[in-house]
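Engineer: File protein-v1.csv follows (CSV, C-alpha atoms):
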chain,number,residue,atom,x,y,z
A,282,MET,CA,-4.8,54.3,73.1
A,283,ALA,CA,-2.4,53.5,70.3
A,284,ASP,CA,0.5,51.1,70.7
A,285,VAL,CA,3.8,52.6,69.7
A,286,ILE,CA,7.0,50.6,69.5
A,287,VAL,CA,10.3,52.5,69.3
A,288,ILE,CA,13.2,50.5,68.1
A,289,GLY,CA,16.5,51.9,69.4
A,290,GLY,CA,17.2,53.4,72.8
A,291,GLY,CA,19.7,56.1,71.9
A,292,ALA,CA,19.1,59.8,71.8
A,293,ALA,CA,16.5,59.7,69.1
A,294,GLY,CA,14.7,56.7,70.4
A,295,MET,CA,14.5,57.9,74.0
A,296,MET,CA,13.1,61.2,72.9
A,297,ALA,CA,10.6,59.5,70.5
A,298,ALA,CA,9.4,57.3,73.3
A,299,ILE,CA,9.0,60.3,75.7
A,300,PHE,CA,7.0,62.3,73.2
A,301,ALA,CA,4.8,59.4,72.1
A,302,ALA,CA,3.9,58.6,75.7
A,303,ARG,CA,3.3,62.3,76.4
A,304,ALA,CA,0.8,62.2,73.5
A,305,GLY,CA,-1.1,59.5,75.3
A,306,SER,CA,0.0,56.3,73.7
A,307,ARG,CA,1.2,53.0,75.2
A,308,VAL,CA,4.9,52.9,74.3
A,309,THR,CA,7.4,50.1,74.3
A,310,LEU,CA,11.1,51.0,73.8
A,311,LEU,CA,13.2,48.1,72.5
A,312,GLU,CA,17.0,48.3,72.9
A,313,HIS,CA,19.5,45.5,72.0
A,314,ASN,CA,22.2,46.8,74.4
A,315,GLU,CA,22.2,46.3,78.1
A,316,LYS,CA,21.5,49.9,78.8
A,317,LEU,CA,20.0,53.0,77.1
A,318,GLY,CA,21.9,55.8,75.5
A,319,LYS,CA,25.2,54.0,75.1
A,320,LYS,CA,26.4,56.4,72.4
A,321,VAL,CA,25.3,59.4,74.4
A,322,TYR,CA,27.8,58.3,77.1
A,323,ILE,CA,30.8,59.0,74.8
A,324,THR,CA,29.7,62.2,73.1
A,325,GLY,CA,31.8,65.2,73.9
A,326,LYS,CA,34.5,62.9,75.3
A,327,GLY,CA,32.1,61.8,78.0
A,328,ARG,CA,31.0,65.4,78.8
A,329,CYS,CA,28.0,65.2,76.4
A,330,ASN,CA,27.8,68.2,74.0
A,331,LEU,CA,24.1,67.7,73.8
A,332,THR,CA,23.1,70.6,71.7
A,333,ASN,CA,24.1,74.1,70.4
A,334,CYS,CA,22.4,77.3,71.8
A,335,CYS,CA,21.5,78.9,68.4
A,336,ASP,CA,18.4,79.6,66.4
A,337,THR,CA,17.0,77.5,63.5
A,338,ASP,CA,18.7,79.5,60.7
A,339,GLU,CA,22.1,79.3,62.3
A,340,PHE,CA,21.6,75.6,63.1
A,341,THR,CA,20.7,74.6,59.6
A,342,ARG,CA,23.8,76.5,58.3
A,343,GLN,CA,25.8,73.9,60.2
A,344,VAL,CA,23.9,71.0,58.6
A,345,ALA,CA,26.0,69.6,55.7
A,346,ARG,CA,23.4,67.1,54.4
A,347,ASN,CA,19.7,67.9,53.8
A,348,PRO,CA,19.3,70.9,56.1
A,349,ARG,CA,15.9,72.0,54.8
A,350,PHE,CA,14.5,68.6,55.7
A,351,LEU,CA,15.0,69.5,59.4
A,352,TYR,CA,13.0,72.8,59.6
A,353,SER,CA,9.8,71.2,60.9
A,354,ALA,CA,11.7,69.0,63.4
A,355,LEU,CA,13.7,71.9,64.8
A,356,SER,CA,10.6,74.2,64.9
A,357,HIS,CA,8.8,71.5,66.9
A,358,PHE,CA,11.6,70.8,69.3
A,359,SER,CA,14.5,73.4,69.3
A,360,PRO,CA,17.8,73.5,71.1
A,361,ALA,CA,16.1,75.9,73.6
A,362,ASP,CA,13.4,73.3,74.2
A,363,MET,CA,16.0,70.6,74.8
A,364,MET,CA,17.7,72.7,77.4
A,365,GLU,CA,14.5,73.5,79.1
A,366,LEU,CA,13.4,69.8,79.1
A,367,LEU,CA,16.7,68.7,80.8
A,368,GLU,CA,16.5,71.6,83.3
A,369,LYS,CA,13.0,70.6,84.4
A,370,ALA,CA,14.1,66.9,84.5
A,371,GLY,CA,16.8,67.8,87.1
A,372,CYS,CA,19.8,68.1,84.8
A,373,PRO,CA,21.0,71.7,84.7
A,374,VAL,CA,22.9,72.7,81.6
A,375,THR,CA,25.7,75.2,80.8
A,376,VAL,CA,26.6,77.0,77.6
A,377,GLN,CA,30.3,77.0,76.8
A,378,ARG,CA,32.6,78.2,74.0
A,379,GLY,CA,31.0,78.0,70.5
A,380,ARG,CA,27.5,78.0,72.1
A,381,ARG,CA,28.1,74.3,72.9
A,382,VAL,CA,25.7,73.1,75.6
A,383,PHE,CA,26.8,70.5,78.2
A,384,PRO,CA,25.2,69.2,81.4
A,385,ALA,CA,26.4,71.4,84.2
A,386,THR,CA,28.2,68.4,85.8
A,387,GLU,CA,29.9,67.7,82.4
A,388,LYS,CA,28.8,64.0,82.9
A,389,ALA,CA,27.0,62.4,80.0
A,390,SER,CA,25.5,59.9,82.4
A,391,ASP,CA,23.4,62.7,83.9
A,392,VAL,CA,21.7,63.3,80.5
A,393,THR,CA,20.8,59.7,80.1
A,394,ARG,CA,19.7,59.5,83.7
A,395,ALA,CA,17.3,62.5,83.2
A,396,LEU,CA,15.9,61.0,80.0
A,397,THR,CA,15.4,57.6,81.7
A,398,GLY,CA,13.6,59.3,84.5
A,399,LEU,CA,11.2,60.9,82.0
A,400,LEU,CA,10.6,57.6,80.3
A,401,ARG,CA,9.7,56.0,83.6
A,402,GLY,CA,7.5,59.0,84.6
A,403,TYR,CA,5.5,58.6,81.4
A,404,GLY,CA,5.1,54.9,81.8
A,405,VAL,CA,7.2,53.7,78.9
A,406,GLU,CA,8.0,50.0,79.0
A,407,MET,CA,11.7,49.6,78.4
A,408,MET,CA,13.0,46.2,77.1
A,409,LEU,CA,16.8,45.9,77.1
A,410,ASN,CA,18.9,43.2,75.5
A,411,THR,CA,16.1,42.8,73.0
A,412,GLU,CA,16.9,42.3,69.3
A,413,VAL,CA,14.4,43.0,66.6
A,414,ARG,CA,14.4,40.7,63.6
A,415,ARG,CA,12.0,42.6,61.3
A,416,VAL,CA,8.9,44.9,61.0
A,417,LEU,CA,5.9,43.4,59.3
A,418,THR,CA,3.0,45.2,57.6
A,419,ALA,CA,-0.6,44.6,56.7
A,420,ASP,CA,-2.7,46.6,54.2
A,421,GLY,CA,0.2,49.1,53.7
A,422,ARG,CA,0.6,49.8,57.4
A,423,VAL,CA,3.0,48.5,60.1
A,424,SER,CA,1.3,45.8,62.1
A,425,VAL,CA,3.9,43.7,64.0
A,426,VAL,CA,7.4,43.8,65.3
A,427,GLU,CA,9.1,40.4,65.3
A,428,LEU,CA,11.8,39.8,67.9
A,429,ALA,CA,14.8,37.6,67.4
A,430,GLY,CA,13.3,34.9,69.7
A,431,GLY,CA,10.2,34.7,67.5
A,432,VAL,CA,8.0,36.7,69.7
A,433,CYS,CA,5.7,39.1,67.8
A,434,MET,CA,4.4,42.4,69.2
A,435,SER,CA,1.5,44.2,67.6
A,436,ALA,CA,1.9,48.0,66.9
A,437,ASP,CA,-0.2,50.8,65.5
A,438,ALA,CA,3.1,52.7,64.9
A,439,VAL,CA,6.8,51.9,64.8
A,440,ILE,CA,9.6,54.4,65.1
A,441,VAL,CA,12.9,53.2,63.8
A,442,ALA,CA,15.7,55.0,65.7
A,443,THR,CA,18.5,52.6,65.4
A,444,GLY,CA,21.4,55.0,64.6
A,445,GLY,CA,23.9,54.7,61.8
A,446,LYS,CA,27.0,52.5,61.5
A,447,SER,CA,29.6,54.7,63.2
A,448,TYR,CA,30.9,53.5,66.6
A,449,PRO,CA,29.6,49.9,66.2
A,450,VAL,CA,30.7,49.1,69.8
A,451,THR,CA,27.8,51.3,71.0
A,452,GLY,CA,25.4,49.1,69.1
A,453,SER,CA,25.1,51.1,65.9
A,454,THR,CA,25.1,48.0,63.6
A,455,GLY,CA,22.9,49.4,60.8
A,456,ASP,CA,19.8,47.3,61.6
A,457,GLY,CA,17.6,50.2,60.8
A,458,TYR,CA,18.8,50.3,57.2
A,459,ARG,CA,17.8,46.6,56.8
A,460,PHE,CA,14.3,47.3,58.2
A,461,ALA,CA,13.9,50.2,55.9
A,462,GLN,CA,15.0,48.3,52.8
A,463,GLN,CA,12.8,45.4,53.7
A,464,LEU,CA,9.8,47.8,53.7
A,465,GLY,CA,10.7,49.3,50.3
A,466,HIS,CA,12.7,52.3,51.3
A,467,THR,CA,15.8,53.5,49.5
A,468,VAL,CA,18.9,53.5,51.7
A,469,LEU,CA,21.9,55.6,50.6
A,470,PRO,CA,25.1,53.7,51.3
A,471,PRO,CA,26.5,54.5,54.8
A,472,LYS,CA,29.8,56.3,54.7
A,473,PRO,CA,32.1,58.0,57.3
A,474,VAL,CA,31.7,61.7,58.0
A,475,LEU,CA,33.2,63.9,60.7
A,476,SER,CA,36.1,61.6,59.9
A,477,ALA,CA,39.9,61.9,60.0
A,478,LEU,CA,41.5,61.7,56.6
A,479,VAL,CA,44.3,59.6,55.1
A,480,THR,CA,46.8,61.5,53.0
A,481,GLU,CA,48.6,60.5,49.9
A,482,GLU,CA,52.0,61.9,50.9
A,483,SER,CA,54.0,60.6,53.9
A,484,TRP,CA,55.1,64.0,55.2
A,485,PRO,CA,51.9,64.7,57.3
A,486,CYS,CA,52.6,61.3,59.0
A,487,GLU,CA,56.2,62.5,59.9
A,488,LEU,CA,54.5,65.4,61.9
A,489,GLN,CA,52.5,63.0,64.0
A,490,GLY,CA,51.2,64.7,67.2
A,491,LEU,CA,51.7,68.2,65.9
A,492,SER,CA,48.7,70.4,66.4
A,493,LEU,CA,48.3,73.6,64.4
A,494,ARG,CA,46.1,76.3,65.9
A,495,ASN,CA,44.7,79.4,64.1
A,496,VAL,CA,45.2,78.1,60.6
A,497,THR,CA,42.7,78.2,57.8
A,498,VAL,CA,41.7,75.0,55.9
A,499,THR,CA,40.2,75.4,52.4
A,500,VAL,CA,38.9,72.6,50.3
A,501,LYS,CA,38.5,73.3,46.5
A,502,GLN,CA,37.0,71.3,43.7
A,503,GLY,CA,38.3,73.1,40.6
A,504,LYS,CA,37.4,76.7,41.0
A,505,LYS,CA,34.6,75.9,43.5
A,506,THR,CA,35.3,76.3,47.3
A,507,LEU,CA,33.6,73.5,49.1
A,508,TYR,CA,34.8,74.5,52.6
A,509,GLU,CA,36.8,77.2,54.3
A,510,GLU,CA,37.2,77.8,58.0
A,511,LEU,CA,39.7,79.0,60.6
A,512,GLY,CA,40.6,76.8,63.6
A,513,GLU,CA,42.7,73.8,64.7
A,514,MET,CA,44.0,70.7,63.0
A,515,LEU,CA,46.2,67.8,63.9
A,516,PHE,CA,48.7,65.6,62.1
A,517,THR,CA,48.6,61.9,62.8
A,518,HIS,CA,50.3,58.6,61.9
A,519,PHE,CA,47.9,58.2,58.9
A,520,GLY,CA,47.4,61.9,57.8
A,521,ILE,CA,45.3,64.6,59.3
A,522,SER,CA,42.6,65.0,62.0
A,523,GLY,CA,41.4,67.6,64.5
A,524,PRO,CA,38.3,69.9,64.4
A,525,LEU,CA,38.9,71.5,61.0
A,526,THR,CA,39.6,68.2,59.3
A,527,LEU,CA,36.5,66.5,60.8
A,528,GLU,CA,34.3,69.4,59.7
A,529,ALA,CA,35.9,69.6,56.3
A,530,SER,CA,35.1,65.9,55.8
A,531,CYS,CA,31.4,66.8,55.8
A,532,HIS,CA,31.9,68.6,52.5
A,533,LEU,CA,34.1,66.2,50.6
A,534,PRO,CA,32.8,64.2,47.6
A,535,ASP,CA,33.3,60.5,47.3
A,536,ASP,CA,36.1,60.9,44.8
A,537,LEU,CA,38.8,62.7,46.7
A,538,SER,CA,41.1,62.9,43.7
A,539,THR,CA,38.8,65.8,42.4
A,540,VAL,CA,39.5,68.0,45.4
A,541,GLN,CA,42.5,69.9,46.9
A,542,LEU,CA,42.9,70.7,50.6
A,543,LEU,CA,45.0,73.8,51.3
A,544,ILE,CA,46.3,75.0,54.7
A,545,ASP,CA,46.9,78.7,55.2
A,546,LEU,CA,49.6,78.6,57.9
A,547,LYS,CA,49.5,82.4,58.3
A,548,PRO,CA,45.9,83.5,58.0
A,549,GLY,CA,46.5,86.7,60.0
A,550,LEU,CA,48.7,88.1,57.3
A,551,ASP,CA,47.8,88.8,53.7
A,552,ARG,CA,50.4,88.0,50.9
A,553,GLU,CA,51.9,91.4,50.9
A,554,GLN,CA,52.3,91.5,54.7
A,555,LEU,CA,53.8,88.0,54.7
A,556,ASP,CA,56.2,88.8,51.9
A,557,ALA,CA,57.4,91.8,53.9
A,558,ARG,CA,57.9,89.5,56.9
A,559,LEU,CA,59.9,87.1,54.8
A,560,ARG,CA,62.1,89.9,53.4
A,561,ARG,CA,62.8,91.1,56.9
A,562,GLU,CA,63.6,87.6,58.2
A,563,PHE,CA,65.9,86.8,55.4
A,564,GLY,CA,67.5,90.2,55.5
A,565,GLU,CA,68.2,90.2,59.2
A,566,ASN,CA,69.5,86.6,59.0
A,567,GLY,CA,71.3,86.8,55.7
A,568,LYS,CA,74.2,84.5,56.7
A,569,LYS,CA,72.1,81.9,58.4
A,570,GLN,CA,70.8,78.7,56.6
A,571,LEU,CA,67.1,78.5,55.8
A,572,ARG,CA,66.7,75.6,58.3
A,573,ASN,CA,67.7,77.9,61.1
A,574,VAL,CA,65.3,80.7,60.2
A,575,MET,CA,62.1,78.7,59.5
A,576,PRO,CA,61.5,78.0,63.3
A,577,SER,CA,60.8,81.7,63.7
A,578,LEU,CA,57.9,81.2,61.2
A,579,LEU,CA,56.6,77.7,61.9
A,580,PRO,CA,56.4,75.1,64.7
A,581,GLY,CA,59.6,73.0,65.0
A,582,LYS,CA,58.6,69.8,63.3
A,583,LEU,CA,57.0,71.6,60.4
A,584,ALA,CA,59.8,74.1,60.1
A,585,GLU,CA,62.3,71.2,59.8
A,586,ILE,CA,60.6,69.7,56.7
A,587,PHE,CA,59.2,72.9,55.2
A,588,PRO,CA,62.2,73.8,52.9
A,589,ASP,CA,61.9,70.3,51.3
A,590,LEU,CA,58.2,70.8,50.8
A,591,CYS,CA,59.1,74.0,48.9
A,592,GLY,CA,61.8,72.2,46.9
A,593,ILE,CA,64.5,74.4,48.4
A,594,GLY,CA,67.6,73.0,50.1
A,595,ALA,CA,67.4,73.5,53.9
A,596,ASP,CA,71.1,74.5,53.9
A,597,THR,CA,70.5,77.4,51.5
A,598,VAL,CA,71.9,80.6,53.0
A,599,CYS,CA,69.2,83.2,53.3
A,600,ASN,CA,71.0,86.0,51.4
A,601,GLN,CA,71.2,83.6,48.5
A,602,ILE,CA,67.5,82.9,48.3
A,603,THR,CA,66.1,84.1,44.9
A,604,GLY,CA,63.0,86.0,44.4
A,605,ALA,CA,61.4,82.9,42.8
A,606,GLN,CA,62.3,80.8,45.9
A,607,ARG,CA,60.9,83.4,48.3
A,608,GLU,CA,57.7,83.5,46.2
A,609,LYS,CA,57.5,79.7,46.5
A,610,ILE,CA,57.9,79.9,50.3
A,611,LEU,CA,55.3,82.6,50.4
A,612,SER,CA,52.8,80.5,48.4
A,613,MET,CA,53.4,77.4,50.5
A,614,LEU,CA,52.9,79.3,53.7
A,615,LYS,CA,49.5,80.7,52.4
A,616,ALA,CA,48.3,77.5,50.7
A,617,LEU,CA,50.2,74.3,51.7
A,618,PRO,CA,48.6,71.6,49.6
A,619,VAL,CA,47.6,68.2,51.1
A,620,ALA,CA,46.6,65.4,48.8
A,621,LEU,CA,43.9,63.2,50.2
A,622,ARG,CA,43.7,59.4,49.7
A,623,GLY,CA,40.5,58.6,51.7
A,624,PHE,CA,38.5,58.6,54.9
A,625,ARG,CA,39.3,56.6,58.0
A,626,PRO,CA,37.1,53.5,58.5
A,627,LEU,CA,33.4,54.0,59.2
A,628,ASP,CA,33.8,52.5,62.6
A,629,GLU,CA,36.1,55.4,63.6
A,630,ALA,CA,33.8,58.1,62.3
A,631,ILE,CA,31.8,60.3,64.6
A,632,VAL,CA,28.7,60.2,62.4
A,633,THR,CA,27.4,58.2,59.5
A,634,ARG,CA,26.5,59.8,56.2
A,635,GLY,CA,23.8,58.1,54.2
A,636,GLY,CA,20.7,56.2,55.4
A,637,VAL,CA,17.0,56.4,54.6
A,638,ASN,CA,16.4,58.8,51.7
A,639,VAL,CA,14.7,62.0,53.1
A,640,LYS,CA,12.6,62.1,49.9
A,641,GLU,CA,10.7,59.1,51.2
A,642,ILE,CA,10.0,60.7,54.7
A,643,ASP,CA,7.4,63.4,55.4
A,644,PRO,CA,9.5,66.1,57.1
A,645,LYS,CA,6.4,67.5,58.9
A,646,THR,CA,5.9,64.2,60.8
A,647,MET,CA,8.9,61.9,60.2
A,648,GLU,CA,6.4,59.3,58.8
A,649,SER,CA,7.3,57.1,55.9
A,650,LYS,CA,5.7,58.1,52.6
A,651,LEU,CA,5.6,54.5,51.6
A,652,VAL,CA,4.3,52.6,54.7
A,653,GLY,CA,1.7,54.0,57.1
A,654,GLY,CA,2.6,54.1,60.7
A,655,LEU,CA,6.3,53.8,60.1
A,656,TYR,CA,8.5,56.6,61.3
A,657,PHE,CA,12.2,57.3,61.3
A,658,ALA,CA,14.3,59.4,63.7
A,659,GLY,CA,18.0,60.2,64.2
A,660,GLU,CA,21.1,59.0,62.4
A,661,VAL,CA,19.3,56.3,60.5
A,662,ILE,CA,18.1,59.2,58.2
A,663,ASP,CA,20.4,60.7,55.6
A,664,VAL,CA,21.2,63.9,57.5
A,665,ASP,CA,24.5,65.0,59.2
A,666,ALA,CA,26.0,68.2,60.5
A,667,HIS,CA,29.2,69.7,61.9
A,668,THR,CA,30.5,69.1,65.4
A,669,GLY,CA,29.2,71.3,68.2
A,670,GLY,CA,26.1,69.5,69.4
A,671,TYR,CA,24.2,69.6,66.1
A,672,ASN,CA,24.0,65.9,65.4
A,673,LEU,CA,22.7,65.1,68.8
A,674,GLN,CA,20.1,67.8,68.6
A,675,ILE,CA,19.1,66.4,65.2
A,676,ALA,CA,18.5,63.1,66.9
A,677,PHE,CA,16.5,64.8,69.7
A,678,SER,CA,14.4,66.9,67.4
A,679,THR,CA,13.5,64.2,64.8
A,680,GLY,CA,12.8,61.8,67.7
A,681,ALA,CA,10.5,64.3,69.4
A,682,LEU,CA,8.6,65.0,66.2
A,683,ALA,CA,8.3,61.4,65.3
A,684,GLY,CA,7.1,60.5,68.8
A,685,ALA,CA,4.6,63.3,69.0
A,686,CYS,CA,3.1,62.4,65.6
A,687,ALA,CA,3.1,58.6,66.1
A,688,GLY,CA,1.7,58.9,69.6
A,689,ALA,CA,-1.2,61.1,68.5
A,690,VAL,CA,-2.5,58.7,65.8
Now that the file is in, can you turn its structure into structure tokens?
Structural biologist:
Amino acid sequence: MADVIVIGGGAAGMMAAIFAARAGSRVTLLEHNEKLGKKVYITGKGRCNLTNCCDTDEFTRQVARNPRFLYSALSHFSPADMMELLEKAGCPVTVQRGRRVFPATEKASDVTRALTGLLRGYGVEMMLNTEVRRVLTADGRVSVVELAGGVCMSADAVIVATGGKSYPVTGSTGDGYRFAQQLGHTVLPPKPVLSALVTEESWPCELQGLSLRNVTVTVKQGKKTLYEELGEMLFTHFGISGPLTLEASCHLPDDLSTVQLLIDLKPGLDREQLDARLRREFGENGKKQLRNVMPSLLPGKLAEIFPDLCGIGADTVCNQITGAQREKILSMLKALPVALRGFRPLDEAIVTRGGVNVKEIDPKTMESKLVGGLYFAGEVIDVDAHTGGYNLQIAFSTGALAGACAGAV
């Protein structure tokens, strides 16, 4: 029997330990928190959007970073496999809007409880409040895991599943990046993704609390469209947030000055239809000021500042609006520009971009190409995806594959 040590007791680590033990190995799971699955508890606002009920091709279309790297992991352990595993472990699941999968009770604790039950059932030794100092090698293979107290544990295989650096209060402190670098791996700098965005202008901040539904957000870099989707967004005290903003952040380059974010406030109407609507509104309300007509087109707060954004006086009487001014209003309704300054801090991001370079990991096994017996799983790897259960499934799938391969050695 091989000795497998899993570092990190989150989604990826728990799954890695389960599959390594299923393969017949003696498994020890090391977690520096006081309990397992601390980040799992807060996913889906505590309801735990654990996966997405879709096939591999649709799944990888939702992966923003290195989707092809995940084909083997998803083939080995798919969303359907995850749903079946939980059902058999006594945690029924339900599929909701957008194919998002939740525990039927909508309690994240039930997912962690089911996985912990499996760990116990397979005889995994779980060591909580245990900090790892480093991973040592001999003859090009992992050999020892050294704990903070100086205790050394021998290992035939080590799976690093320590997460990224987002939500550090859950224990995601970036230790796995340090282990990887000490062992010769390239670690791409961790950056926030699925992140709210800070804007250059102050007007989005003036709309704090306003949610826009059924708008289209487009991100362009020159003539290239990086992202385009219909949905919901939110204005905040620092700029913009909400589902569309978080998803768009997955597709942004480091230099935000090279991109333009545009909001189509009336995606249900093409330019010709919207122009006809404007002509009708201004014609029927010819003696009213623009400020009194805009609320029929936009939500109150936005309607109030919209004339200024167009460079038109709010007290302009509608029958005096020129063709050029109407064209400006039309253009701004179909493509309201928002200048971006930056991402919110990493500790506020849902997911970390960056991590261990996938070119140095065998995608068929999750084993390091540089060090024998060293495996990686979950957010410590440079992969990330949209919201909707995809990132948690990536953790489960890469963990299952790493555990199965490490445990079979």
Engineer: A:Ile662, A:Cys686, A:Leu464, A:Ala620: which is nearest Ser538 (chain A), counting only C-alpha atoms?
Structural biologist: A:Ala620
Engineer: Kindly provide, as a ChimeraX atom specification, the polymer residues lying within 8 Å of (17.4, 65.4, 63.4), counting all atoms listed in the file and using the coordinates exactly as they appear in the file.
Structural biologist: /A:351,354-355,658-660,664,672-680
Engineer: May I have the residues from that selection written out with C-alpha atoms, as a PDB file, keeping the file's coordinate frame?
Structural biologist:
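The resulting file, result.pdb, is shown below:
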ATOM      1  CA  LEU A 351      15.000  69.500  59.400  1.00  0.00           C
ATOM      2  CA  ALA A 354      11.700  69.000  63.400  1.00  0.00           C
ATOM      3  CA  LEU A 355      13.700  71.900  64.800  1.00  0.00           C
ATOM      4  CA  ALA A 658      14.300  59.400  63.700  1.00  0.00           C
ATOM      5  CA  GLY A 659      18.000  60.200  64.200  1.00  0.00           C
ATOM      6  CA  GLU A 660      21.100  59.000  62.400  1.00  0.00           C
ATOM      7  CA  VAL A 664      21.200  63.900  57.500  1.00  0.00           C
ATOM      8  CA  ASN A 672      24.000  65.900  65.400  1.00  0.00           C
ATOM      9  CA  LEU A 673      22.700  65.100  68.800  1.00  0.00           C
ATOM     10  CA  GLN A 674      20.100  67.800  68.600  1.00  0.00           C
ATOM     11  CA  ILE A 675      19.100  66.400  65.200  1.00  0.00           C
ATOM     12  CA  ALA A 676      18.500  63.100  66.900  1.00  0.00           C
ATOM     13  CA  PHE A 677      16.500  64.800  69.700  1.00  0.00           C
ATOM     14  CA  SER A 678      14.400  66.900  67.400  1.00  0.00           C
ATOM     15  CA  THR A 679      13.500  64.200  64.800  1.00  0.00           C
ATOM     16  CA  GLY A 680      12.800  61.800  67.700  1.00  0.00           C
TER      17      GLY A 680
END
Engineer: For Glu608 (chain A), which residue among A:Arg552, A:Val652, A:Glu585, A:Arg307 is the nearest when counting only C-alpha atoms?
Structural biologist: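 Of all the options, A:Arg552 lies closest to Glu608 (chain A).
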Engineer: Fewer than 4 positions away in the same chain doesn't count, so skip those; otherwise give me all residues within 9 Å of Gln606 (chain A), counting all atoms listed in the file, as a VMD selection string.
Structural biologist: chain A and resid 591 to 593 602 610 to 611
Engineer: Which residue, A:Pro580, A:Gly512, A:Gly421, A:Gly623, has the smallest gap to Gly653 (chain A) when you use all atoms listed in the file?
Structural biologist: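 Among the listed residues, A:Gly421 lies closest to Gly653 (chain A).
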Engineer: If you measure from CA of Tyr352 (chain A) to CA of Phe340 (chain A), what distance in Å do you get, rounded to one decimal?
Structural biologist: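 Computed distance, CA of Tyr352 (chain A) to CA of Phe340 (chain A), equals 9.7 Å.
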Engineer: Have a look at A:Leu655, A:Val540, A:Val287, A:Leu478 and name the one nearest to Glu629 (chain A); count all atoms listed in the file.
Structural biologist: A:Leu478
Engineer: Check the smallest atom-to-atom distance from each of A:Val285, A:Gly445, A:Leu527, A:Ala605 to Pro471 (chain A) using only C-alpha atoms, then report the winner.
Structural biologist: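 Of A:Val285, A:Gly445, A:Leu527, A:Ala605, the one nearest Pro471 (chain A) is A:Gly445, counting only C-alpha atoms.
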Engineer: Counting only C-alpha atoms, which of A:Thr332, A:Ile521, A:Leu310, A:Met295 gets nearest to Gly398 (chain A)?
Structural biologist: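 Smallest distance to Gly398 (chain A) is found for A:Met295.
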Engineer: Produce a table with one row for each residue of region 420-532 of chain A that has an atom at most 12 Å from any atom of region 639-649 of chain A, each row naming the nearest atom pair and its distance in Å at one decimal; use only C-alpha atoms; arrange rows by chain and rising residue number; format as CSV.
Structural biologist:
residue,atom,partner,partner_atom,distance
A:Gly421,CA,A:Ser649,CA,10.9
A:Arg422,CA,A:Ser649,CA,10.0
A:Val423,CA,A:Ser649,CA,10.5
A:Ala438,CA,A:Glu648,CA,9.6
A:Val439,CA,A:Glu648,CA,9.5
A:Ile440,CA,A:Glu648,CA,8.6
A:Val441,CA,A:Glu648,CA,10.2
A:Ala442,CA,A:Met647,CA,11.1
A:Ala461,CA,A:Ser649,CA,9.5
A:Gln462,CA,A:Glu641,CA,11.7
A:Leu464,CA,A:Ser649,CA,9.9
A:Gly465,CA,A:Glu641,CA,9.8
A:His466,CA,A:Glu641,CA,7.1
A:Thr467,CA,A:Glu641,CA,7.8
A:Val468,CA,A:Val639,CA,9.6
A:Leu469,CA,A:Val639,CA,10.0
Engineer: In Å to one decimal, how far is CA of Gly379 (chain A) from CA of Gly635 (chain A)?
Structural biologist: 26.7 Å
Engineer: Mind pulling up the distance from CA of Ala666 (chain A) to CA of Pro373 (chain A)?
Structural biologist: 25.0 Å
Engineer: Give as a tab-separated table (two decimals) with C-alpha atoms, keeping the file's coordinate frame the set of residues within 7 Å of the point (59.5, 88.5, 50.1), where distances use the file's coordinates and only C-alpha atoms.
Structural biologist:
chain	number	residue	atom	x	y	z
A	556	ASP	CA	56.20	88.80	51.90
A	557	ALA	CA	57.40	91.80	53.90
A	559	LEU	CA	59.90	87.10	54.80
A	560	ARG	CA	62.10	89.90	53.40
A	607	ARG	CA	60.90	83.40	48.30
A	608	GLU	CA	57.70	83.50	46.20
Engineer: Residues near Val661 (chain A), anyone? I mean within 7 Å using all atoms listed in the file, not counting same-chain ones fewer than 6 positions away, as an NGL selection string.
Structural biologist: :A and (442-445 or 457-458 or 636-637)
Engineer: Within 8 Å of Thr499 (chain A), counting all atoms listed in the file, which residues show up once you throw out same-chain ones fewer than 4 positions away? Write them as a CSV table (one decimal) with C-alpha atoms, in the coordinates of the input, please.
Structural biologist:
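Result written to part-v2.csv:
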chain,number,residue,atom,x,y,z
A,506,THR,CA,35.3,76.3,47.3
A,507,LEU,CA,33.6,73.5,49.1
A,508,TYR,CA,34.8,74.5,52.6
A,509,GLU,CA,36.8,77.2,54.3
A,510,GLU,CA,37.2,77.8,58.0
A,542,LEU,CA,42.9,70.7,50.6
A,543,LEU,CA,45.0,73.8,51.3
A,544,ILE,CA,46.3,75.0,54.7
A,545,ASP,CA,46.9,78.7,55.2
Engineer: I'd like the neighbourhood of region 358-372 of chain A as a list of chain:residue names, where a residue qualifies if any of its atoms comes within 7 Å (using all atoms listed in the file), though same-chain residues fewer than 6 positions away should be ignored.
Structural biologist: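 Result of the neighbour search: A:Thr332, A:Asn333, A:Cys334, A:Pro384, A:Asp391, A:Val392, A:Ala395, A:Gln674, A:Ser678, A:Ala681.
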